[in-house]
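Student: Before anything else, here's the structure in question.
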Amino acid sequence: MVRFENVGLRYGFGPEVLRDLSFRIEPHSFQFLTGPSGAGKTSLLRLMFLSLRPTRGLIGMFDQDIATLNKDSLAGLRRRIGIVFQDFRLLDHMTTFENVALPLRVQGRSEASYRREVTELLHWVGLGDRLSALPPILSGGEKQRAAIARAVIAQPELLLADEPTGNVDPALAQRLLRLFIELNKSGTAVVIATHDIALMDQYDARRLVLHDGRMHTYE
Amino acid sequence: MSDLRTTDPGDRTGRRQNGFRRAEAPLVPRATIGGRALVAVIAIMTFLAAVTTGAVVLVAGAATEWQSDVAREMTIQVRPAGGRDIEADVTKAAAAARATAGVAEVRPYSRAESARLLEPWLGSGLVLEDLPVPRVIVLKLDGGAPPDVAALRATLSRDVPTASLDDHRGWIDRMRAMANSAVAIGIAVLLLVLAATVLTVAFATRGAMAANRPIVEVLHFIGATDNYLAGQFQRHFLALGLKGGALGGGLAIILFLVAGFIGDRMVATSSGDQVSALFGSFSIGAIGYFGIAAQIVLIAAVTAATSREVVNRTLNTVE
């Protein structure tokens, strides 16, 4: 599903922040991506959701070499990936419902066709009574859940989450982890970037540890 | 997730639970586009373009009218000369004109009529016998079969050496040049207005893109194609362009309608007659109004196309 071969990344003329990364994300797999601050977790996630191109090496996504794809094809690939941003990136002028429905709206679906599934998902993440609320009045935890709901609503084949439990209490973190595990069981490959060792200890999964720009894998 | 409760969040009409009503929010918030200022600028541009178009139509129409009026007439001027009977020369020149095919009517101006022609310059009570005043013969031409001007000129120079034929060619050429200049200036102004509109919209789109960059990035990352994103902006700008265009073009149409109405009311007055002599009925006619309507559509289309182009260029900088 995702294949990195000797991938390196540097910003401008600076030092390489990621070096010689070679790994695979298999379909239906679940992994944590961890490492100290500044190790390059967010950069690696950005490479995986195609917002950065590597300085060297090869990245294959869904059996396609991303270096050979045009912008429209990349947009097509992004629709198969769900992303939870560390800073949520909810659109402040849209309600929670509209934010979560965004990936489906961008696919050209009508509101009538997705109303039920968006509402169900929002209830599931505990935002059933916040459908019409705008993001500025949501708490950090509520924003986090809305961002996760937006990432999973289109049932992506690959879910990338950057510190998805960073703003919630342990109980809710556990509930969100359960959501990711359920999603994984339904066929989505999941990559969760986190510092939260307690969270990782709750679920036995592969760990990709970034340190000093290099990756160590613990199966 | 099958055990989940469902609640209807509302429909496309905006009916929401808790009595909250809200239409589906646009992906790009309208408030970030600087809509009012842009509508005002587009309205002003369209107004200027429409007034220019109307003026061009008016001048071109009046010039055509003058040309056809002037081209339907020729003038023979008989100059007094020592030892010649001017009355006999006038009669001979008029006879030569009548004998020419294509001349429908020959009207020699009498001595009294010639005096009246000179009255504005020389005052009334003029005694023509004391002055070497030339006499004028006006020839009305047959529109279908124009006369052989060269042959008539040759006949006159042989039979009446003091007579000269003026077919108004120089006057017509000057009017044609003036009308063409007016049209060229009008087209230049239109092009400038169009260029200013394109630049204004480009700046506004860049501003809107900058203000909405976080939104554009999120849409981009959840799989929106460049085409989709450009369409979102284009739709907004097309609406703004149509609004501004309709406002400016509508004002111009009202202006011409009012001017035409006032012109009609002033027909009997001296200033009205002056205007009427210059611009006819002061009406730009169906072609003028159609031209203004076409400009409204053109400016809206240019606005939409410009915004799309700017958005596409900006998106090329987003990976």
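In the structure tokens, chains take the letters A, B, ... in the order shown, each chain's residues start at 1, and ligands count up from 1 in the order shown.
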Residues of segment 193-235 of chain B within 12 Å of segment 68-81 of chain A: nearest atom pair and distance (Å, one decimal) for each, counting only C-alpha atoms, sorted by chain and number, as JSON lines?

Tutor:
{"residue": "B:Glu217", "atom": "CA", "partner": "A:Ala75", "partner_atom": "CA", "distance": 11.9}
{"residue": "B:Val218", "atom": "CA", "partner": "A:Arg78", "partner_atom": "CA", "distance": 11.3}
{"residue": "B:Leu219", "atom": "CA", "partner": "A:Ala75", "partner_atom": "CA", "distance": 10.0}
{"residue": "B:His220", "atom": "CA", "partner": "A:Ala75", "partner_atom": "CA", "distance": 7.3}
{"residue": "B:Phe221", "atom": "CA", "partner": "A:Arg78", "partner_atom": "CA", "distance": 6.5}
{"residue": "B:Ile222", "atom": "CA", "partner": "A:Arg79", "partner_atom": "CA", "distance": 6.0}
{"residue": "B:Gly223", "atom": "CA", "partner": "A:Ala75", "partner_atom": "CA", "distance": 4.5}
{"residue": "B:Ala224", "atom": "CA", "partner": "A:Ala75", "partner_atom": "CA", "distance": 6.1}
{"residue": "B:Thr225", "atom": "CA", "partner": "A:Ala75", "partner_atom": "CA", "distance": 5.6}
{"residue": "B:Asp226", "atom": "CA", "partner": "A:Asp72", "partner_atom": "CA", "distance": 7.3}
{"residue": "B:Asn227", "atom": "CA", "partner": "A:Asp72", "partner_atom": "CA", "distance": 8.6}
{"residue": "B:Tyr228", "atom": "CA", "partner": "A:Asp72", "partner_atom": "CA", "distance": 10.3}
{"residue": "B:Leu229", "atom": "CA", "partner": "A:Ala75", "partner_atom": "CA", "distance": 11.4}

Student: Find the spatial neighbours of Asn6 of chain A, counting only C-alpha atoms, within a cut-off of 12 Å - ignore same-chain residues fewer than 6 positions away - and output them as a PDB file with N, CA and C atoms, in the first residue's frame.

Tutor:
ATOM      1  N   LEU A  18      15.059  13.580   7.155  1.00  0.00           N
ATOM      2  CA  LEU A  18      14.755  12.140   7.073  1.00  0.00           C
ATOM      3  C   LEU A  18      15.829  11.500   6.196  1.00  0.00           C
ATOM      4  N   ARG A  19      16.332  10.350   6.642  1.00  0.00           N
ATOM      5  CA  ARG A  19      17.455   9.739   5.915  1.00  0.00           C
ATOM      6  C   ARG A  19      17.195   8.261   5.646  1.00  0.00           C
ATOM      7  N   ASP A  20      17.361   7.887   4.396  1.00  0.00           N
ATOM      8  CA  ASP A  20      17.358   6.458   4.018  1.00  0.00           C
ATOM      9  C   ASP A  20      16.197   5.663   4.615  1.00  0.00           C
ATOM     10  N   LEU A  21      15.023   6.207   4.500  1.00  0.00           N
ATOM     11  CA  LEU A  21      13.865   5.486   5.043  1.00  0.00           C
ATOM     12  C   LEU A  21      13.415   4.422   4.052  1.00  0.00           C
ATOM     13  N   SER A  22      13.340   3.200   4.521  1.00  0.00           N
ATOM     14  CA  SER A  22      12.826   2.110   3.687  1.00  0.00           C
ATOM     15  C   SER A  22      11.864   1.289   4.537  1.00  0.00           C
ATOM     16  N   PHE A  23      10.611   1.329   4.203  1.00  0.00           N
ATOM     17  CA  PHE A  23       9.626   0.537   4.943  1.00  0.00           C
ATOM     18  C   PHE A  23       8.354   0.412   4.098  1.00  0.00           C
ATOM     19  N   ARG A  24       7.469  -0.429   4.572  1.00  0.00           N
ATOM     20  CA  ARG A  24       6.180  -0.606   3.897  1.00  0.00           C
ATOM     21  C   ARG A  24       5.039  -0.494   4.917  1.00  0.00           C
ATOM     22  N   PRO A  54       9.776  13.778  -1.804  1.00  0.00           N
ATOM     23  CA  PRO A  54      11.085  13.483  -1.200  1.00  0.00           C
ATOM     24  C   PRO A  54      12.225  14.114  -1.997  1.00  0.00           C
ATOM     25  N   THR A  55      13.311  14.405  -1.295  1.00  0.00           N
ATOM     26  CA  THR A  55      14.486  14.927  -1.987  1.00  0.00           C
ATOM     27  C   THR A  55      15.147  13.803  -2.795  1.00  0.00           C
ATOM     28  N   ARG A  56      15.092  12.620  -2.249  1.00  0.00           N
ATOM     29  CA  ARG A  56      15.624  11.466  -2.994  1.00  0.00           C
ATOM     30  C   ARG A  56      14.854  10.218  -2.584  1.00  0.00           C
ATOM     31  N   GLY A  57      15.072   9.149  -3.312  1.00  0.00           N
ATOM     32  CA  GLY A  57      14.397   7.900  -3.013  1.00  0.00           C
ATOM     33  C   GLY A  57      13.068   7.776  -3.741  1.00  0.00           C
ATOM     34  N   LEU A  58      12.386   6.684  -3.458  1.00  0.00           N
ATOM     35  CA  LEU A  58      11.153   6.379  -4.175  1.00  0.00           C
ATOM     36  C   LEU A  58      10.009   6.164  -3.195  1.00  0.00           C
ATOM     37  N   ILE A  59       8.875   6.779  -3.490  1.00  0.00           N
ATOM     38  CA  ILE A  59       7.677   6.534  -2.681  1.00  0.00           C
ATOM     39  C   ILE A  59       6.595   5.962  -3.588  1.00  0.00           C
ATOM     40  N   GLY A  60       6.114   4.806  -3.198  1.00  0.00           N
ATOM     41  CA  GLY A  60       5.000   4.200  -3.922  1.00  0.00           C
ATOM     42  C   GLY A  60       3.763   4.236  -3.057  1.00  0.00           C
ATOM     43  N   ARG A 214      16.283   8.756  11.144  1.00  0.00           N
ATOM     44  CA  ARG A 214      16.290   7.368  10.665  1.00  0.00           C
ATOM     45  C   ARG A 214      15.187   6.577  11.367  1.00  0.00           C
ATOM     46  N   MET A 215      14.800   5.465  10.719  1.00  0.00           N
ATOM     47  CA  MET A 215      13.679   4.713  11.282  1.00  0.00           C
ATOM     48  C   MET A 215      14.118   3.352  11.800  1.00  0.00           C
TER      49      MET A 215
END

Student: Report, in Å to a single decimal, how far apart atom CA of Ala179 of chain B and atom CA of Arg153 of chain B are.

Tutor: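 Rounded to one decimal, the two atoms are 28.9 Å apart.
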
Student: For chain A, list the residues within 9 Å of chain B, counting only C-alpha atoms, and write the list as a count of residues only.

Tutor: 45

Student: Taking into account only C-alpha atoms, which residue in the set B:Pro134, B:Thr317, B:Val51, B:Val311 is nearest to Asn212 of chain B?

Tutor: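 When distances to Asn212 of chain B are compared using only C-alpha atoms, the smallest one comes from B:Val311.
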
Student: Could you give me, as a list of chain:residue names, the residues within 10 Å of His236 of chain B, counting only C-alpha atoms and dropping anything in the same chain fewer than 4 positions from it?

Tutor: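 The residues that qualify are B:Pro26, B:Val28, B:Pro29, B:Arg30, B:Ile33, B:Gly35, B:Gly231, B:Gln232, B:Leu240, B:Gly241, B:Thr303, B:Ala304, B:Ser307.
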
Student: Pull the strand (DSSP E or B) assignments for segment 32-69 of chain A out of DSSP run on the backbone, and list those residues as a list in words.

Tutor: Phe32, Leu33, Thr34, Arg56, Gly57, Leu58, Ile59, Gly60, Met61, Gln64 and Asp65 of chain A

Student: If you keep N, CA and C atoms, can you produce a file of those selected residues as a PDB file, in the first residue's frame?

Tutor:
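again.pdb was written with the following content:
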ATOM      1  N   PHE A  32       2.033   2.397  15.091  1.00  0.00           N
ATOM      2  CA  PHE A  32       2.284   3.694  15.719  1.00  0.00           C
ATOM      3  C   PHE A  32       3.576   4.242  15.142  1.00  0.00           C
ATOM      4  N   LEU A  33       3.605   5.527  14.907  1.00  0.00           N
ATOM      5  CA  LEU A  33       4.834   6.201  14.478  1.00  0.00           C
ATOM      6  C   LEU A  33       5.245   7.094  15.639  1.00  0.00           C
ATOM      7  N   THR A  34       6.397   6.862  16.175  1.00  0.00           N
ATOM      8  CA  THR A  34       6.780   7.612  17.365  1.00  0.00           C
ATOM      9  C   THR A  34       8.235   8.053  17.283  1.00  0.00           C
ATOM     10  N   ARG A  56      15.092  12.620  -2.249  1.00  0.00           N
ATOM     11  CA  ARG A  56      15.624  11.466  -2.994  1.00  0.00           C
ATOM     12  C   ARG A  56      14.854  10.218  -2.584  1.00  0.00           C
ATOM     13  N   GLY A  57      15.072   9.149  -3.312  1.00  0.00           N
ATOM     14  CA  GLY A  57      14.397   7.900  -3.013  1.00  0.00           C
ATOM     15  C   GLY A  57      13.068   7.776  -3.741  1.00  0.00           C
ATOM     16  N   LEU A  58      12.386   6.684  -3.458  1.00  0.00           N
ATOM     17  CA  LEU A  58      11.153   6.379  -4.175  1.00  0.00           C
ATOM     18  C   LEU A  58      10.009   6.164  -3.195  1.00  0.00           C
ATOM     19  N   ILE A  59       8.875   6.779  -3.490  1.00  0.00           N
ATOM     20  CA  ILE A  59       7.677   6.534  -2.681  1.00  0.00           C
ATOM     21  C   ILE A  59       6.595   5.962  -3.588  1.00  0.00           C
ATOM     22  N   GLY A  60       6.114   4.806  -3.198  1.00  0.00           N
ATOM     23  CA  GLY A  60       5.000   4.200  -3.922  1.00  0.00           C
ATOM     24  C   GLY A  60       3.763   4.236  -3.057  1.00  0.00           C
ATOM     25  N   MET A  61       2.658   4.711  -3.619  1.00  0.00           N
ATOM     26  CA  MET A  61       1.391   4.734  -2.887  1.00  0.00           C
ATOM     27  C   MET A  61       0.366   3.981  -3.717  1.00  0.00           C
ATOM     28  N   GLN A  64       1.508   2.908  -7.023  1.00  0.00           N
ATOM     29  CA  GLN A  64       1.884   3.905  -8.032  1.00  0.00           C
ATOM     30  C   GLN A  64       3.071   4.720  -7.523  1.00  0.00           C
ATOM     31  N   ASP A  65       4.002   4.969  -8.434  1.00  0.00           N
ATOM     32  CA  ASP A  65       5.158   5.799  -8.084  1.00  0.00           C
ATOM     33  C   ASP A  65       4.699   7.256  -8.103  1.00  0.00           C
TER      34      ASP A  65
END

Student: Do you have the atom CA of Asp162 of chain A-atom CA of Ile192 of chain A distance handy?

Tutor: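 A separation of 6.2 Å between them.
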
Student: Pick out the residues sitting within 8 Å of segment 193-210 of chain B, and hand them over as a ChimeraX atom specification; count only C-alpha atoms, and ignore anything fewer than 4 positions along from it in its own chain.

Tutor: /B:32-34,38,41-42,45-46,48-49,189,216,299,302-303,306-307,310-311,314

Student: Write out as JSON, numbers by chain the residues lying within 10 Å of Phe47 of chain B, counting only C-alpha atoms and excluding same-chain residues fewer than 2 positions away.

Tutor: {"B": [41, 42, 43, 44, 45, 49, 50, 51, 52, 53, 193, 244, 245, 246, 247, 248, 249, 250, 251, 252, 253, 255, 292, 295, 296]}

Student: Save the residues we just selected, C-alpha atoms, as a PDB file, in the first residue's frame?

Tutor:
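Below is the file that was written, selection05.pdb:
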ATOM      1  CA  VAL B  41     -15.276  48.585  -8.935  1.00  0.00           C
ATOM      2  CA  ILE B  42     -16.860  46.287 -11.515  1.00  0.00           C
ATOM      3  CA  ALA B  43     -20.000  48.450 -11.532  1.00  0.00           C
ATOM      4  CA  ILE B  44     -17.910  51.573 -12.199  1.00  0.00           C
ATOM      5  CA  MET B  45     -15.923  49.812 -14.930  1.00  0.00           C
ATOM      6  CA  ALA B  49     -17.591  50.890 -20.707  1.00  0.00           C
ATOM      7  CA  ALA B  50     -21.327  51.189 -21.316  1.00  0.00           C
ATOM      8  CA  VAL B  51     -21.254  54.980 -21.524  1.00  0.00           C
ATOM      9  CA  THR B  52     -18.341  54.728 -23.962  1.00  0.00           C
ATOM     10  CA  THR B  53     -20.213  52.206 -26.063  1.00  0.00           C
ATOM     11  CA  VAL B 193     -11.562  49.303 -18.971  1.00  0.00           C
ATOM     12  CA  GLY B 244     -21.424  44.650 -10.579  1.00  0.00           C
ATOM     13  CA  GLY B 245     -22.002  44.474 -14.330  1.00  0.00           C
ATOM     14  CA  ALA B 246     -25.775  44.624 -13.976  1.00  0.00           C
ATOM     15  CA  LEU B 247     -25.450  47.569 -11.593  1.00  0.00           C
ATOM     16  CA  GLY B 248     -23.085  49.606 -13.795  1.00  0.00           C
ATOM     17  CA  GLY B 249     -24.702  48.605 -17.086  1.00  0.00           C
ATOM     18  CA  GLY B 250     -28.163  49.191 -15.641  1.00  0.00           C
ATOM     19  CA  LEU B 251     -27.199  52.700 -14.538  1.00  0.00           C
ATOM     20  CA  ALA B 252     -25.822  53.446 -18.010  1.00  0.00           C
ATOM     21  CA  ILE B 253     -29.026  52.181 -19.645  1.00  0.00           C
ATOM     22  CA  LEU B 255     -28.801  57.323 -18.180  1.00  0.00           C
ATOM     23  CA  ILE B 292     -24.411  47.323 -23.119  1.00  0.00           C
ATOM     24  CA  GLN B 295     -20.800  44.134 -21.984  1.00  0.00           C
ATOM     25  CA  ILE B 296     -22.405  43.128 -18.704  1.00  0.00           C
TER      26      ILE B 296
END

Student: If I take atom CA of Arg265 of chain B and atom CA of Gly288 of chain B, how far is one from the other in Å, to one decimal?

Tutor: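 Distance reported for this atom pair: 20.9 Å.
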
Student: Residues of segment 111-199 of chain A in helix (DSSP H, G or I) according to DSSP, as a PyMOL selection string?

Tutor: chain A and resi 111-124+135-137+140-152+170-185+197-199
